[in-house]
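I have placed the structure first, in the form of C-alpha cells, so that the comments after it can refer back to it.
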Amino acid sequence: ENQIVSLVSIYPTIAELSGVSMTSDLRNKMHGQSFASLVSFQDQFGIEEKRKRIRPYAFSVVARCFDRSTELLVTCERKDQINVLGYSVRSEEWRYTEWRTFQTDVPYANSFLLERELYDHSQDDGTDPDESELKNVAKEAASNNVVTILSGV
C-alpha cells in the first residue's frame with residue numbers, strides 16, 4: 001500500500017527506528033513526522049504488522065522563472081531571478097499545483113494566480129509515475145470539487 005510522506009520526515013523516522021530519544025522541544029521544532037509505523041516488520045510467525053496513514057497530504061514548493069520571450073517557466077540561473085512559485089499538494093489520488101507570481105515583499109495571499117494543474121493518480125500502479133501527469137484536468141468541470149478542496153488545504 002502506498003502512503004504520502006515528505007522528505008522532512010526522514011530524520012524523525014530514522015530517530016524513532018534507531019531508538020534515539022528526542023526532547024519535546026526538538027520534536028516541536030520539527031516540521032516532519034515519523035513514518036516509522038509504515039515500515040513493515042514481520043513478527044516471529046511471519047504476520048506483517050498493520051500500517052496506518054501518517055498524513056493525508058504532502059506539500060512542496062518549487063521556484064521557477066517566467067521567460068517572457070518563450071512564455072515558459074524555466075529553471076532560474078540565480079535566486080534573485082525567481083518570479084514564480086509552484087505550490088503543490090499531493091494526496092493519495094491527486095497532485096494539485098498553483099503557479100503564482102513571486103515577489104519577496106508580497107505575501108502568498110496577494111500573489112497572482114497564473115495557472116493551476118491537477119493530475120489524477122487514482123489509477124497509478126507505480127510502474128510509471130510520470131504517466132499520471134500527462135493530462136492536466138484542472139479546468140475540467142468534473143474536477144471543480146477536487147480543485148476547491150485541495151486549493152484550501
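Going through the C-alpha cells in order, the chains are called A, B, and so on, while each chain numbers its residues from 1 and the ligands are numbered from 1 in the order shown.
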Determine, counting only C-alpha atoms, which protein, DNA and RNA residues have an atom within 8 Å of an atom of stretch 144-152 of chain A; residues of the same chain fewer than 3 positions away are not included. Present the result as a CSV table (one decimal) with N, CA and C atoms, in the first residue's frame.
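Output (part.csv):
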chain,number,residue,atom,x,y,z
A,89,VAL,N,0.2,20.3,-3.6
A,89,VAL,CA,-0.3,19.4,-2.5
A,89,VAL,C,-0.5,18.1,-3.2
A,96,TYR,N,-2.1,18.5,-7.0
A,96,TYR,CA,-2.6,19.8,-7.3
A,96,TYR,C,-1.5,20.9,-7.2
A,98,GLU,N,-0.6,25.1,-7.8
A,98,GLU,CA,-0.9,26.5,-8.2
A,98,GLU,C,0.4,27.2,-8.5
A,118,LEU,N,-3.9,19.9,-12.1
A,118,LEU,CA,-4.5,18.8,-11.3
A,118,LEU,C,-4.3,17.5,-12.1
A,138,ALA,N,-7.4,20.2,-14.4
A,138,ALA,CA,-7.8,21.3,-13.5
A,138,ALA,C,-8.9,22.1,-14.1
A,139,LYS,N,-9.0,22.2,-15.4
A,139,LYS,CA,-10.0,23.1,-16.0
A,139,LYS,C,-11.3,22.3,-16.4
A,140,GLU,N,-11.3,21.0,-16.1
A,140,GLU,CA,-12.5,20.2,-16.4
A,140,GLU,C,-13.5,20.4,-15.4
A,141,ALA,N,-14.8,20.5,-15.8
A,141,ALA,CA,-15.9,20.8,-14.8
A,141,ALA,C,-16.0,19.7,-13.8
Excluding stretch 65-67 of chain A and its own-chain neighbours fewer than 2 positions away, which residues fall within 6 Å of it when counting only C-alpha atoms? Please give them as a list in words.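 Non-adjacent residues within range: Ser69, Thr70, Glu71, Leu72, Leu73, Val74, Cys76, Ile82, Asn83 and Val84 of chain A.
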Report, in Å with one decimal, the straight-line distance from atom CA of A:Arg68 to atom CA of A:Ser111. 18.4 Å
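Distances here use only C-alpha atoms; by that measure, the residue among A:Arg95, A:Lys79, A:Lys29, A:Arg64 closest to A:Asp120 is A:Arg95.
Within 6 Å of stretch 3-20 of chain A, once only C-alpha atoms are used and residues closer than 2 positions along the same chain are dropped, the contacting residues are Gly32, Gln33, Ser34, Phe35, Ala36 and Ala58 of chain A.
For the atom pair formed by atom CA of A:Tyr57 and atom CA of A:Ser91, the distance is 4.8 Å, given to one decimal.
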Near A:Gly86, counting only C-alpha atoms, which residues have an atom at most 7 Å away, once you skip same-chain residues fewer than 3 positions from it, shown as a PyMOL selection string? chain A and resi 61-63+97-100
Can you write out the residues you just picked, keeping all heavy atoms, as a PDB file, in the first residue's frame?
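This is the output file out-v9.pdb:
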ATOM      1  N   VAL A  61       7.132  23.122  -2.646  1.00  0.00           N
ATOM      2  CA  VAL A  61       7.199  24.412  -3.348  1.00  0.00           C
ATOM      3  C   VAL A  61       8.388  24.344  -4.287  1.00  0.00           C
ATOM      4  O   VAL A  61       9.463  23.885  -3.911  1.00  0.00           O
ATOM      5  CB  VAL A  61       7.375  25.589  -2.367  1.00  0.00           C
ATOM      6  CG1 VAL A  61       7.476  26.912  -3.126  1.00  0.00           C
ATOM      7  CG2 VAL A  61       6.232  25.644  -1.373  1.00  0.00           C
ATOM      8  N   VAL A  62       8.191  24.793  -5.524  1.00  0.00           N
ATOM      9  CA  VAL A  62       9.281  24.815  -6.491  1.00  0.00           C
ATOM     10  C   VAL A  62       9.369  26.220  -7.092  1.00  0.00           C
ATOM     11  O   VAL A  62       8.349  26.857  -7.349  1.00  0.00           O
ATOM     12  CB  VAL A  62       9.091  23.731  -7.587  1.00  0.00           C
ATOM     13  CG1 VAL A  62       7.854  23.983  -8.413  1.00  0.00           C
ATOM     14  CG2 VAL A  62      10.309  23.619  -8.469  1.00  0.00           C
ATOM     15  N   ALA A  63      10.594  26.702  -7.254  1.00  0.00           N
ATOM     16  CA  ALA A  63      10.829  28.042  -7.791  1.00  0.00           C
ATOM     17  C   ALA A  63      11.131  27.955  -9.288  1.00  0.00           C
ATOM     18  O   ALA A  63      11.846  27.060  -9.731  1.00  0.00           O
ATOM     19  CB  ALA A  63      11.997  28.700  -7.070  1.00  0.00           C
ATOM     20  N   THR A  97      -1.353  21.714  -8.163  1.00  0.00           N
ATOM     21  CA  THR A  97      -0.330  22.764  -8.105  1.00  0.00           C
ATOM     22  C   THR A  97      -0.933  24.093  -8.525  1.00  0.00           C
ATOM     23  O   THR A  97      -1.689  24.160  -9.493  1.00  0.00           O
ATOM     24  CB  THR A  97       0.859  22.440  -9.032  1.00  0.00           C
ATOM     25  OG1 THR A  97       1.421  21.197  -8.636  1.00  0.00           O
ATOM     26  CG2 THR A  97       1.926  23.525  -8.975  1.00  0.00           C
ATOM     27  N   GLU A  98      -0.589  25.129  -7.785  1.00  0.00           N
ATOM     28  CA  GLU A  98      -0.910  26.505  -8.175  1.00  0.00           C
ATOM     29  C   GLU A  98       0.397  27.203  -8.493  1.00  0.00           C
ATOM     30  O   GLU A  98       1.305  27.238  -7.659  1.00  0.00           O
ATOM     31  CB  GLU A  98      -1.621  27.258  -7.042  1.00  0.00           C
ATOM     32  CG  GLU A  98      -3.030  26.828  -6.827  1.00  0.00           C
ATOM     33  CD  GLU A  98      -3.763  27.697  -5.805  1.00  0.00           C
ATOM     34  OE1 GLU A  98      -3.149  28.616  -5.201  1.00  0.00           O
ATOM     35  OE2 GLU A  98      -4.959  27.447  -5.615  1.00  0.00           O
ATOM     36  N   TRP A  99       0.504  27.753  -9.693  1.00  0.00           N
ATOM     37  CA  TRP A  99       1.658  28.563 -10.078  1.00  0.00           C
ATOM     38  C   TRP A  99       1.292  30.015  -9.830  1.00  0.00           C
ATOM     39  O   TRP A  99       0.322  30.516 -10.374  1.00  0.00           O
ATOM     40  CB  TRP A  99       2.014  28.332 -11.553  1.00  0.00           C
ATOM     41  CG  TRP A  99       2.547  26.960 -11.789  1.00  0.00           C
ATOM     42  CD1 TRP A  99       1.868  25.880 -12.258  1.00  0.00           C
ATOM     43  CD2 TRP A  99       3.875  26.513 -11.532  1.00  0.00           C
ATOM     44  NE1 TRP A  99       2.685  24.782 -12.308  1.00  0.00           N
ATOM     45  CE2 TRP A  99       3.935  25.145 -11.873  1.00  0.00           C
ATOM     46  CE3 TRP A  99       5.028  27.128 -11.049  1.00  0.00           C
ATOM     47  CZ2 TRP A  99       5.091  24.391 -11.750  1.00  0.00           C
ATOM     48  CZ3 TRP A  99       6.183  26.377 -10.929  1.00  0.00           C
ATOM     49  CH2 TRP A  99       6.208  25.025 -11.283  1.00  0.00           C
ATOM     50  N   ARG A 100       2.083  30.688  -8.959  1.00  0.00           N
ATOM     51  CA  ARG A 100       1.774  32.056  -8.561  1.00  0.00           C
ATOM     52  C   ARG A 100       2.988  32.957  -8.736  1.00  0.00           C
ATOM     53  O   ARG A 100       4.116  32.507  -8.639  1.00  0.00           O
ATOM     54  CB  ARG A 100       1.335  32.097  -7.094  1.00  0.00           C
ATOM     55  CG  ARG A 100       0.022  31.379  -6.858  1.00  0.00           C
ATOM     56  CD  ARG A 100      -0.417  31.502  -5.412  1.00  0.00           C
ATOM     57  NE  ARG A 100      -1.825  31.228  -5.276  1.00  0.00           N
ATOM     58  CZ  ARG A 100      -2.803  32.122  -5.416  1.00  0.00           C
ATOM     59  NH1 ARG A 100      -2.523  33.373  -5.686  1.00  0.00           N
ATOM     60  NH2 ARG A 100      -4.054  31.775  -5.280  1.00  0.00           N
TER      61      ARG A 100
END
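Straight-line separation from atom CA of A:Gly126 to atom CA of A:Tyr87: 23.1 Å.
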Running DSSP on the backbone, which parts of stretch 91-122 of chain A land in strand (DSSP E), as a VMD selection string? chain A and resid 94 to 101 113 to 120
Which residues come within 12 Å of A:Asp124, counting only C-alpha atoms, excluding same-chain residues fewer than 2 positions away, as a compact mmCIF listing (two decimals) with C-alpha atoms, in the first residue's frame?
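As written to disk, selection-v1.txt reads:
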# COMPACT_ATOMS: atom_id res chain seq x y z
CA GLU A 1 0.00 0.00 0.00
CA ASN A 2 1.36 3.44 -0.94
CA GLU A 92 -3.18 9.60 -2.41
CA GLU A 93 -5.23 10.20 -5.56
CA TRP A 94 -4.29 13.71 -6.76
CA ARG A 95 -1.49 16.22 -7.27
CA TYR A 119 -3.39 15.28 -12.07
CA ASP A 120 -5.37 12.13 -11.29
CA HIS A 121 -3.20 9.46 -9.65
CA SER A 122 -6.06 7.16 -8.65
CA GLY A 126 3.53 2.78 -9.53
CA THR A 127 5.23 1.41 -12.65
CA ASP A 128 5.42 4.79 -14.41
CA PRO A 129 4.82 7.69 -12.01
CA ASP A 130 5.01 10.26 -14.82
CA GLU A 131 2.20 8.63 -16.81
CA SER A 132 -0.42 10.01 -14.41
CA GLU A 133 0.82 13.54 -15.07
CA LEU A 134 0.27 13.66 -18.82
